[in-house]
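Here's the structure we're looking at; comments come further down.
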Amino acid sequence: MLEYTFSIIHKGCWTADLNDAFPGVRATIIYSYRLTGTSITMVEVTRIDEDRLDDLVDWLEDHPVMNTSQLVTYDEGRGKAFISLSGDYDTNTVPVLNVLLRNDCFPTIPATVARGREHWSVLASSHEQVSKAHEELRQIGSVDVDSLRSPNLDQLLTDLTGVKEAVQNLSPRQHEVLSRAIDEGYYDSPRSCNIEELAELDSANTSTVGEHLRRSEAKILKAVEPMLERPAKASPQKN
């Protein structure tokens, strides 16, 4: 079994154009599947202001690869929206997920979209499957390989369980402050907000917000530590 992690600028797709039209917005492809020739996609969008939400929904619907775009729900406090998309890809591109699945490469986590690139992590059973998928992906965009390795699946499941438990063990306030920090771009590089701005959003002082973040980070990083002891062997191949 191989774990293949890569990013792609998907030419002609909405993912490549999103941040040109809406700088700073982040998107996660929650799921995507093909039904009777139409691709159905659910997207989570973060860091979007309510006054730009309608513009975003309209922009997605007007994109050449899309037929319809519909707002499902919006959390004003966290600037987070879920948007349902449908498209027939009547252009010279195809969904990345279609390329992966027909080559027996299966995503392990939802793909994220940032700065015009889709970020994917998939599992495949052979180098041949990865190679075929990679060559097909190069036909629809510019691909950067982040890593290609043979994961220890038993250990991976153990590690992920530990991280999940660490997140579940956060107090409600720690979870709230950490989630807001992520949504507002506190952990982006460069940062989209600072600790003072987070404190204003939280109606708390900076030392309180900082303490919640430090305690949350300590719990999660302690659970992540075993993963750091087994670094991935990255492939040098770039396209």
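By convention here, the chains of the structure tokens are called A, B, ... in the order presented, each chain's residues are numbered starting at 1, and ligands are numbered starting at 1 in the order presented.
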Any chance you could list, as an NGL selection string, the residues in range 60-230 of chain A that come up strand (DSSP E or B) when DSSP is run on the backbone? :A and (68-75 or 80-87 or 106-107 or 111-114 or 117-124 or 141-149)
Range 129-181 of chain A near range 67-91 of chain A within 12 Å: what's each residue's closest atom pair and its distance in Å to one decimal, counting only C-alpha atoms, ordered by chain then ascending residue number, as a Markdown table?
| residue | atom | partner | partner_atom | distance |
| --- | --- | --- | --- | --- |
| A:Ile140 | CA | A:Thr91 | CA | 11.0 |
| A:Glu176 | CA | A:Arg78 | CA | 10.0 |
| A:Val177 | CA | A:Arg78 | CA | 10.9 |
| A:Leu178 | CA | A:Arg78 | CA | 11.7 |
| A:Ser179 | CA | A:Arg78 | CA | 8.6 |
| A:Arg180 | CA | A:Arg78 | CA | 6.6 |
| A:Ala181 | CA | A:Arg78 | CA | 9.9 |
Write out as CSV the residues of range 114-194 of chain A that have any atom within 9 Å of an atom of range 29-48 of chain A, one row each with the nearest atom pair and its distance in Å to one decimal, counting only C-alpha atoms, sorted by chain and then rising number.
residue,atom,partner,partner_atom,distance
A:Asp183,CA,A:Arg47,CA,6.2
A:Glu184,CA,A:Arg47,CA,6.2
A:Gly185,CA,A:Arg47,CA,8.1
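Comparing the minimum interatomic distances between Asp17 in chain A and each of A:Ala204, A:Ala114, A:Leu97, A:Leu53, counting only C-alpha atoms, we find that A:Ala114 sits nearest.
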With distances taken over only C-alpha atoms, which residue among A:Ala21, A:Met1, A:Leu198, A:Ala27 lies nearest Asp55 in chain A? A:Ala21
Mind listing the helix (DSSP H, G or I) residues of range 55-237 of chain A, per DSSP on the backbone, as number ranges by chain? A: 55-62, 96-102, 127-138, 153-168, 172-183, 195-202, 206-228
